[in-house]
file model-v1.pdb (PDB, C-alpha atoms)
ATOM      1  CA  MET A   1     139.301 125.019 143.152
ATOM      2  CA  SER A   2     136.661 125.911 145.714
ATOM      3  CA  THR A   3     136.557 126.610 149.419
ATOM      4  CA  PHE A   4     133.676 124.697 150.980
ATOM      5  CA  VAL A   5     132.334 126.372 154.122
ATOM      6  CA  ILE A   6     130.233 123.690 155.795
ATOM      7  CA  VAL A   7     127.601 124.642 158.372
ATOM      8  CA  PRO A   8     126.626 121.618 160.513
ATOM      9  CA  GLY A   9     123.217 121.028 162.005
ATOM     10  CA  ALA A  10     121.572 121.073 165.411
ATOM     11  CA  TRP A  11     123.410 119.126 168.110
ATOM     12  CA  ASP A  12     126.332 118.629 165.717
ATOM     13  CA  THR A  13     129.981 119.156 166.533
ATOM     14  CA  PRO A  14     132.271 119.888 163.577
ATOM     15  CA  ALA A  15     133.301 116.224 163.707
ATOM     16  CA  THR A  16     129.939 115.325 162.165
ATOM     17  CA  VAL A  17     131.165 116.300 158.700
ATOM     18  CA  GLU A  18     134.697 114.916 158.981
ATOM     19  CA  PRO A  19     134.023 112.148 156.416
ATOM     20  CA  VAL A  20     133.639 114.704 153.616
ATOM     21  CA  ILE A  21     136.797 116.652 154.378
ATOM     22  CA  GLU A  22     139.299 114.171 152.979
ATOM     23  CA  PRO A  23     137.478 113.560 149.661
ATOM     24  CA  LEU A  24     137.122 117.301 149.120
ATOM     25  CA  ALA A  25     140.742 117.960 150.005
ATOM     26  CA  ARG A  26     141.877 115.118 147.758
ATOM     27  CA  ALA A  27     140.001 116.784 144.915
ATOM     28  CA  GLY A  28     141.973 119.968 145.569
ATOM     29  CA  HIS A  29     139.375 121.902 147.544
ATOM     30  CA  GLU A  30     139.761 123.689 150.846
ATOM     31  CA  VAL A  31     137.251 122.855 153.583
ATOM     32  CA  MET A  32     136.236 125.027 156.515
ATOM     33  CA  VAL A  33     133.764 123.664 159.078
ATOM     34  CA  VAL A  34     131.856 126.118 161.235
ATOM     35  CA  ASP A  35     131.711 125.484 164.976
ATOM     36  CA  LEU A  36     128.228 126.725 165.830
ATOM     37  CA  PRO A  37     127.269 127.778 169.387
ATOM     38  CA  CYS A  38     124.795 124.902 169.602
ATOM     39  CA  ASP A  39     125.475 124.241 173.258
ATOM     40  CA  SER A  40     124.640 127.801 174.305
ATOM     41  CA  ALA A  41     121.099 128.014 175.651
ATOM     42  CA  ASP A  42     120.865 131.708 174.789
ATOM     43  CA  ALA A  43     122.369 131.622 171.283
ATOM     44  CA  ALA A  44     120.073 132.963 168.552
ATOM     45  CA  LEU A  45     120.236 132.434 164.809
ATOM     46  CA  GLU A  46     122.218 135.660 164.491
ATOM     47  CA  ASP A  47     124.866 134.174 166.798
ATOM     48  CA  TYR A  48     124.996 131.137 164.542
ATOM     49  CA  ALA A  49     125.452 133.413 161.533
ATOM     50  CA  ASP A  50     128.218 135.279 163.370
ATOM     51  CA  ALA A  51     130.106 132.002 163.710
ATOM     52  CA  VAL A  52     130.053 131.681 159.911
ATOM     53  CA  ARG A  53     131.017 135.310 159.330
ATOM     54  CA  ALA A  54     133.986 134.845 161.665
ATOM     55  CA  ILE A  55     135.678 132.386 159.288
ATOM     56  CA  LEU A  56     134.733 133.985 155.968
ATOM     57  CA  THR A  57     137.501 135.840 154.164
ATOM     58  CA  ASP A  58     137.121 139.101 152.286
ATOM     59  CA  ASP A  59     137.440 137.298 148.957
ATOM     60  CA  LEU A  60     134.425 135.010 148.521
ATOM     61  CA  THR A  61     135.037 134.306 144.835
ATOM     62  CA  ASP A  62     135.643 130.580 145.284
ATOM     63  CA  VAL A  63     133.483 129.996 148.355
ATOM     64  CA  VAL A  64     130.706 127.405 148.290
ATOM     65  CA  LEU A  65     128.415 127.534 151.305
ATOM     66  CA  VAL A  66     127.059 124.177 152.464
ATOM     67  CA  GLY A  67     124.161 123.915 154.910
ATOM     68  CA  TYR A  68     123.594 120.518 156.504
ATOM     69  CA  SER A  69     120.359 119.790 158.391
ATOM     70  CA  PHE A  70     119.529 122.767 160.671
ATOM     71  CA  GLY A  71     122.599 124.394 159.138
ATOM     72  CA  GLY A  72     120.285 125.253 156.250
ATOM     73  CA  PHE A  73     118.813 128.043 158.384
ATOM     74  CA  THR A  74     122.243 129.519 159.100
ATOM     75  CA  ALA A  75     123.486 129.070 155.537
ATOM     76  CA  SER A  76     120.386 130.831 154.254
ATOM     77  CA  ARG A  77     121.011 133.753 156.593
ATOM     78  CA  ILE A  78     124.500 134.176 155.153
ATOM     79  CA  ALA A  79     123.302 133.619 151.592
ATOM     80  CA  VAL A  80     120.908 136.556 151.892
ATOM     81  CA  GLU A  81     123.890 138.776 152.677
ATOM     82  CA  TYR A  82     126.047 137.340 149.891
ATOM     83  CA  PRO A  83     123.709 136.534 146.984
ATOM     84  CA  ASP A  84     126.590 135.650 144.640
ATOM     85  CA  VAL A  85     127.887 132.850 146.850
ATOM     86  CA  PRO A  86     126.585 129.458 145.668
ATOM     87  CA  VAL A  87     124.762 127.394 148.280
ATOM     88  CA  VAL A  88     124.383 123.640 148.612
ATOM     89  CA  TYR A  89     121.714 122.233 150.924
ATOM     90  CA  VAL A  90     122.433 118.721 152.163
ATOM     91  CA  ALA A  91     119.616 117.106 154.146
ATOM     92  CA  ALA A  92     118.832 120.686 155.081
ATOM     93  CA  TRP A  93     115.930 122.615 156.500
ATOM     94  CA  ILE A  94     115.265 125.637 154.312
ATOM     95  CA  PRO A  95     113.482 128.425 156.189
ATOM     96  CA  HIS A  96     110.008 129.716 155.454
ATOM     97  CA  GLU A  97     108.932 133.216 156.393
ATOM     98  CA  GLY A  98     107.528 133.229 159.928
ATOM     99  CA  SER A  99     108.437 129.612 160.664
ATOM    100  CA  SER A 100     110.970 128.029 162.985
ATOM    101  CA  VAL A 101     112.674 124.736 162.277
ATOM    102  CA  LEU A 102     110.328 123.224 164.877
ATOM    103  CA  ASP A 103     107.350 124.547 162.916
ATOM    104  CA  LEU A 104     108.671 122.781 159.819
ATOM    105  CA  PHE A 105     109.652 119.582 161.601
ATOM    106  CA  ALA A 106     106.789 119.184 164.052
ATOM    107  CA  GLY A 107     104.076 121.376 162.554
ATOM    108  CA  GLY A 108     104.264 123.738 165.507
ATOM    109  CA  ASP A 109     106.314 124.648 168.548
ATOM    110  CA  PRO A 110     105.919 121.985 171.252
ATOM    111  CA  PHE A 111     107.986 124.113 173.641
ATOM    112  CA  GLU A 112     105.238 126.708 173.882
ATOM    113  CA  ALA A 113     103.860 124.579 176.717
ATOM    114  CA  GLY A 114     107.235 124.590 178.480
ATOM    115  CA  GLU A 115     110.513 122.733 178.140
ATOM    116  CA  GLU A 116     109.318 119.564 179.824
ATOM    117  CA  ALA A 117     106.270 119.330 177.546
ATOM    118  CA  GLY A 118     108.361 120.172 174.483
ATOM    119  CA  ILE A 119     110.876 117.434 175.153
ATOM    120  CA  ALA A 120     108.105 114.934 175.904
ATOM    121  CA  ALA A 121     106.555 115.686 172.511
ATOM    122  CA  PHE A 122     109.518 114.009 170.810
ATOM    123  CA  ASP A 123     108.657 110.626 172.344
ATOM    124  CA  GLY A 124     112.095 109.957 173.756
ATOM    125  CA  LEU A 125     114.186 111.065 170.767
ATOM    126  CA  ILE A 126     115.587 113.953 172.810
ATOM    127  CA  LEU A 127     116.253 114.505 176.509
ATOM    128  CA  GLY A 128     116.653 117.540 178.714
ATOM    129  CA  ALA A 129     120.275 118.649 179.073
ATOM    130  CA  GLY A 130     119.933 121.561 181.474
ATOM    131  CA  PRO A 131     117.955 124.816 181.380
ATOM    132  CA  GLY A 132     117.265 125.791 177.790
ATOM    133  CA  LEU A 133     119.118 122.774 176.388
ATOM    134  CA  CYS A 134     118.187 119.406 174.944
ATOM    135  CA  ALA A 135     120.233 116.471 173.715
ATOM    136  CA  LEU A 136     119.725 113.496 171.453
ATOM    137  CA  ASN A 137     118.839 110.342 173.338
ATOM    138  CA  ILE A 138     121.974 108.462 172.353
ATOM    139  CA  ASP A 139     120.853 105.288 174.098
ATOM    140  CA  LEU A 140     117.786 105.134 171.857
ATOM    141  CA  TYR A 141     119.825 105.577 168.700
ATOM    142  CA  VAL A 142     122.347 102.971 169.805
ATOM    143  CA  ALA A 143     119.552 100.506 170.549
ATOM    144  CA  ALA A 144     118.260 100.982 166.999
ATOM    145  CA  ALA A 145     121.594  99.868 165.526
ATOM    146  CA  ASP A 146     122.488  96.296 164.731
ATOM    147  CA  SER A 147     124.076  94.652 167.765
ATOM    148  CA  GLU A 148     127.518  94.390 166.164
ATOM    149  CA  GLU A 149     127.468  98.108 165.333
ATOM    150  CA  ARG A 150     126.335  99.510 168.671
ATOM    151  CA  ASP A 151     129.731 100.229 170.190
ATOM    152  CA  ALA A 152     130.844 102.052 167.060
ATOM    153  CA  VAL A 153     127.566 103.981 166.862
ATOM    154  CA  ARG A 154     127.841 105.084 170.483
ATOM    155  CA  THR A 155     131.426 106.219 169.971
ATOM    156  CA  TYR A 156     130.417 108.127 166.855
ATOM    157  CA  LEU A 157     127.452 109.848 168.476
ATOM    158  CA  GLU A 158     129.319 110.773 171.636
ATOM    159  CA  ARG A 159     131.997 112.416 169.485
ATOM    160  CA  THR A 160     129.706 114.201 167.064
ATOM    161  CA  GLN A 161     126.709 115.240 169.162
ATOM    162  CA  ARG A 162     126.326 117.758 171.977
ATOM    163  CA  PRO A 163     123.539 119.624 173.792
ATOM    164  CA  GLN A 164     121.486 121.988 171.649
ATOM    165  CA  GLY A 165     120.036 125.327 172.662
ATOM    166  CA  ILE A 166     116.260 125.243 172.392
ATOM    167  CA  ALA A 167     115.952 128.981 171.715
ATOM    168  CA  ALA A 168     117.531 128.696 168.263
ATOM    169  CA  LEU A 169     115.210 125.833 167.331
ATOM    170  CA  ARG A 170     112.212 127.962 168.335
ATOM    171  CA  GLU A 171     113.324 131.137 166.577
ATOM    172  CA  LYS A 172     111.177 132.041 163.585
ATOM    173  CA  TRP A 173     112.707 133.062 160.292
ATOM    174  CA  ARG A 174     112.140 136.676 159.305
ATOM    175  CA  GLY A 175     112.604 137.749 155.731
ATOM    176  CA  GLU A 176     112.152 136.094 152.392
ATOM    177  CA  LEU A 177     114.537 134.096 150.270
ATOM    178  CA  GLU A 178     114.756 134.497 146.519
ATOM    179  CA  ALA A 179     112.469 131.848 145.072
ATOM    180  CA  ALA A 180     114.698 131.533 142.018
ATOM    181  CA  ARG A 181     117.696 130.558 144.166
ATOM    182  CA  TYR A 182     116.204 128.363 146.870
ATOM    183  CA  LEU A 183     113.883 125.425 147.149
ATOM    184  CA  TRP A 184     110.844 126.269 149.243
ATOM    185  CA  GLN A 185     110.542 122.955 151.003
ATOM    186  CA  SER A 186     111.395 121.674 154.433
ATOM    187  CA  LEU A 187     113.964 118.914 154.182
ATOM    188  CA  ARG A 188     114.725 115.914 156.366
ATOM    189  CA  TYR A 189     115.842 112.727 154.775
ATOM    190  CA  THR A 190     118.152 109.816 154.926
ATOM    191  CA  LEU A 191     120.836 109.777 152.243
ATOM    192  CA  ARG A 192     120.872 106.391 150.601
ATOM    193  CA  GLU A 193     122.238 105.724 147.142
ATOM    194  CA  GLN A 194     125.179 108.066 146.895
ATOM    195  CA  GLY A 195     124.932 110.456 143.987
ATOM    196  CA  GLU A 196     121.894 108.750 142.516
ATOM    197  CA  SER A 197     118.910 109.211 144.745
ATOM    198  CA  LEU A 198     117.722 110.358 148.121
ATOM    199  CA  GLY A 199     115.896 108.249 150.612
ATOM    200  CA  ILE A 200     112.780 108.721 152.664
ATOM    201  CA  ALA A 201     112.295 110.554 155.942
ATOM    202  CA  TYR A 202     114.308 109.578 158.982
ATOM    203  CA  ASP A 203     112.918 106.692 160.971
ATOM    204  CA  PRO A 204     114.618 105.718 164.250
ATOM    205  CA  ARG A 205     114.218 102.095 163.238
ATOM    206  CA  ASP A 206     116.462 102.638 160.227
ATOM    207  CA  ARG A 207     119.971 101.235 160.365
ATOM    208  CA  LEU A 208     122.144 103.892 161.971
ATOM    209  CA  ARG A 209     124.804 103.446 159.302
ATOM    210  CA  ALA A 210     122.275 104.667 156.752
ATOM    211  CA  VAL A 211     120.851 107.414 158.925
ATOM    212  CA  PHE A 212     124.242 109.013 159.467
ATOM    213  CA  GLN A 213     125.732 108.233 156.071
ATOM    214  CA  ALA A 214     128.040 111.021 154.974
ATOM    215  CA  PRO A 215     127.475 112.583 151.538
ATOM    216  CA  PHE A 216     130.727 111.496 149.882
ATOM    217  CA  TRP A 217     129.295 112.486 146.500
ATOM    218  CA  LEU A 218     129.212 116.177 147.414
ATOM    219  CA  PRO A 219     132.285 117.091 145.291
ATOM    220  CA  MET A 220     130.481 115.822 142.201
ATOM    221  CA  PHE A 221     128.274 118.892 142.216
ATOM    222  CA  LYS A 222     129.725 122.023 140.651
ATOM    223  CA  ALA A 223     127.327 124.582 139.200
ATOM    224  CA  SER A 224     123.731 123.514 139.587
ATOM    225  CA  TYR A 225     121.670 121.278 141.806
ATOM    226  CA  SER A 226     118.272 119.753 141.429
ATOM    227  CA  VAL A 227     115.797 117.303 142.895
ATOM    228  CA  ARG A 228     117.108 113.755 142.793
ATOM    229  CA  CYS A 229     114.698 111.107 143.945
ATOM    230  CA  LYS A 230     113.744 107.656 142.729
ATOM    231  CA  ARG A 231     111.667 106.570 145.691
ATOM    232  CA  PRO A 232     107.895 106.960 145.453
ATOM    233  CA  LEU A 233     106.082 109.104 147.972
ATOM    234  CA  GLU A 234     104.598 107.117 150.831
ATOM    235  CA  LYS A 235     101.775 108.157 153.089
ATOM    236  CA  ASP A 236     103.062 110.195 156.028
ATOM    237  CA  ARG A 237     106.529 110.177 154.525
ATOM    238  CA  ALA A 238     108.242 113.115 152.882
ATOM    239  CA  THR A 239     110.538 112.974 149.874
ATOM    240  CA  TYR A 240     113.486 115.330 149.899
ATOM    241  CA  CYS A 241     116.218 116.727 147.760
ATOM    242  CA  VAL A 242     119.434 118.613 147.416
ATOM    243  CA  ALA A 243     119.007 122.095 145.984
ATOM    244  CA  GLY A 244     121.105 125.090 145.067
ATOM    245  CA  PRO A 245     121.430 127.997 142.661
TER     246      PRO A 245
END

call {"tool": "encode", "arguments": {"input": "model-v1.pdb", "output": "structure tokens"}}
result
Amino acid sequence: MSTFVIVPGAWDTPATVEPVIEPLARAGHEVMVVDLPCDSADAALEDYADAVRAILTDDLTDVVLVGYSFGGFTASRIAVEYPDVPVVYVAAWIPHEGSSVLDLFAGGDPFEAGEEAGIAAFDGLILGAGPGLCALNIDLYVAAADSEERDAVRTYLERTQRPQGIAALREKWRGELEAARYLWQSLRYTLREQGESLGIAYDPRDRLRAVFQAPFWLPMFKASYSVRCKRPLEKDRATYCVAGP
């Protein structure tokens, strides 16, 4: 059986990936979730990678590294050091040489004009959370949920989200990934039909249950991963995938 080392995304607490722990454990796998220093304003990508290194054992034979969302940057950093460790990207941002996750997400770095301008560029999706920190606008996400789901959505978000250091989001990736092992594509998508297809880009008007749907089908994947998409490309919408070795 495998040991899944799951690297969460920006703003995420380890609780974000709790729904996948039980299915993996039930299938006989061990699961380790990395607690990234997201809420440190000064933390750099190397500090994120150190958090992963701190829980890795000397024997990586059965380890499967999983990068979720912004965790794709951290997982890729570790994967460069350990090229024999298989990697799964789930709704992940895969780094490009010389680009930050903000470059991939927003087409540039809105924080170059200052923190206030950078936060304003996200049209209310994030809020300032202190010097060098930002946070998801939970009220906005709750308002987007169906009325009967709002209390549950708020409880979920307050438990799984925390302030995020802006410095790590702005940091540009240095170094190249092996093209044969990684998909060169920025990823942000909503998981929809479990194990069958991937949905379209996140839209705050989407039902929150769909936006935050956990990938319960993850244990189905063993040796290889590929693009899975049945939805046609729409203008101004990106189509995404899960990728691996």

call {"tool": "resolve_selection", "arguments": {"input": "model-v1.pdb", "expression": "the PyMOL selection byres ((chain A and resi 46) around 12)", "output": "list in words"}}
result
Leu36, Pro37, Asp42, Ala43, Ala44, Leu45, Asp47, Tyr48, Ala49, Asp50, Ala51, Val52, Arg53, Phe73, Thr74, Ala75, Ser76, Arg77, Ile78, Ala167, Ala168, Glu171, Lys172, Trp173 and Arg174 of chain A

call {"tool": "write_last_selection", "arguments": {"input": "model-v1.pdb", "atoms": "C-alpha atoms", "output": "CSV table (one decimal), in the frame of the given file"}}
result
chain,number,residue,atom,x,y,z
A,36,LEU,CA,128.2,126.7,165.8
A,37,PRO,CA,127.3,127.8,169.4
A,42,ASP,CA,120.9,131.7,174.8
A,43,ALA,CA,122.4,131.6,171.3
A,44,ALA,CA,120.1,133.0,168.6
A,45,LEU,CA,120.2,132.4,164.8
A,47,ASP,CA,124.9,134.2,166.8
A,48,TYR,CA,125.0,131.1,164.5
A,49,ALA,CA,125.5,133.4,161.5
A,50,ASP,CA,128.2,135.3,163.4
A,51,ALA,CA,130.1,132.0,163.7
A,52,VAL,CA,130.1,131.7,159.9
A,53,ARG,CA,131.0,135.3,159.3
A,73,PHE,CA,118.8,128.0,158.4
A,74,THR,CA,122.2,129.5,159.1
A,75,ALA,CA,123.5,129.1,155.5
A,76,SER,CA,120.4,130.8,154.3
A,77,ARG,CA,121.0,133.8,156.6
A,78,ILE,CA,124.5,134.2,155.2
A,167,ALA,CA,116.0,129.0,171.7
A,168,ALA,CA,117.5,128.7,168.3
A,171,GLU,CA,113.3,131.1,166.6
A,172,LYS,CA,111.2,132.0,163.6
A,173,TRP,CA,112.7,133.1,160.3
A,174,ARG,CA,112.1,136.7,159.3

call {"tool": "axis_aligned_box", "arguments": {"input": "model-v1.pdb", "around": "range 101-120 of chain A", "padding_each_side": "6 Å", "output": "JSON"}}
result
{"center_x": 108.3, "center_y": 120.8, "center_z": 169.8, "size_x": 20.8, "size_y": 23.8, "size_z": 32.0}

call {"tool": "closest_residue", "arguments": {"input": "model-v1.pdb", "among": "A:Leu169, A:Met1, A:Thr13, A:Met32", "to": "Asp103 in chain A", "atoms": "all atoms listed in the file"}}
result
A:Leu169

call {"tool": "atom_distance", "arguments": {"input": "model-v1.pdb", "atom1": "CA of Leu60 in chain A", "atom2": "CA of Gly28 in chain A"}}
result
17.1 Å

call {"tool": "resolve_selection", "arguments": {"input": "model-v1.pdb", "expression": "the PyMOL selection byres ((chain A and resi 69) around 9)", "output": "number ranges by chain"}}
result
A: 7-10, 67-68, 70-73, 89-94, 187-188

call {"tool": "atom_distance", "arguments": {"input": "model-v1.pdb", "atom1": "CA of Arg162 in chain A", "atom2": "CA of Asp39 in chain A"}}
result
6.7 Å

call {"tool": "closest_residue", "arguments": {"input": "model-v1.pdb", "among": "A:Phe122, A:Leu127, A:Ile55, A:Arg26", "to": "Pro110 in chain A", "atoms": "all atoms listed in the file"}}
result
A:Phe122

call {"tool": "residues_near_point", "arguments": {"input": "model-v1.pdb", "point": "(131.6, 118.4, 167.4)", "cutoff": "10 Å", "atoms": "all atoms listed in the file", "output": "list in words"}}
result
Pro8, Trp11, Asp12, Thr13, Pro14, Ala15, Thr16, Val17, Glu18, Val34, Asp35, Leu36, Cys38, Leu157, Glu158, Arg159, Thr160, Gln161 and Arg162 of chain A

call {"tool": "residues_near_point", "arguments": {"input": "model-v1.pdb", "point": "(133.4, 128.1, 150.2)", "cutoff": "7 Å", "atoms": "all atoms listed in the file", "output": "ChimeraX atom specification"}}
result
/A:2-5,62-65

call {"tool": "write_last_selection", "arguments": {"input": "model-v1.pdb", "atoms": "C-alpha atoms", "output": "mmCIF file, in the frame of the given file"}}
result
data_model
loop_
_atom_site.group_PDB
_atom_site.id
_atom_site.type_symbol
_atom_site.label_atom_id
_atom_site.label_comp_id
_atom_site.auth_asym_id
_atom_site.auth_seq_id
_atom_site.Cartn_x
_atom_site.Cartn_y
_atom_site.Cartn_z
ATOM 1 C CA SER A 2 136.661 125.911 145.714
ATOM 2 C CA THR A 3 136.557 126.610 149.419
ATOM 3 C CA PHE A 4 133.676 124.697 150.980
ATOM 4 C CA VAL A 5 132.334 126.372 154.122
ATOM 5 C CA ASP A 62 135.643 130.580 145.284
ATOM 6 C CA VAL A 63 133.483 129.996 148.355
ATOM 7 C CA VAL A 64 130.706 127.405 148.290
ATOM 8 C CA LEU A 65 128.415 127.534 151.305
#

call {"tool": "resolve_selection", "arguments": {"input": "model-v1.pdb", "expression": "the PyMOL selection byres ((chain A and resi 136) around 7)", "output": "ChimeraX atom specification"}}
result
/A:125-127,135,137-138
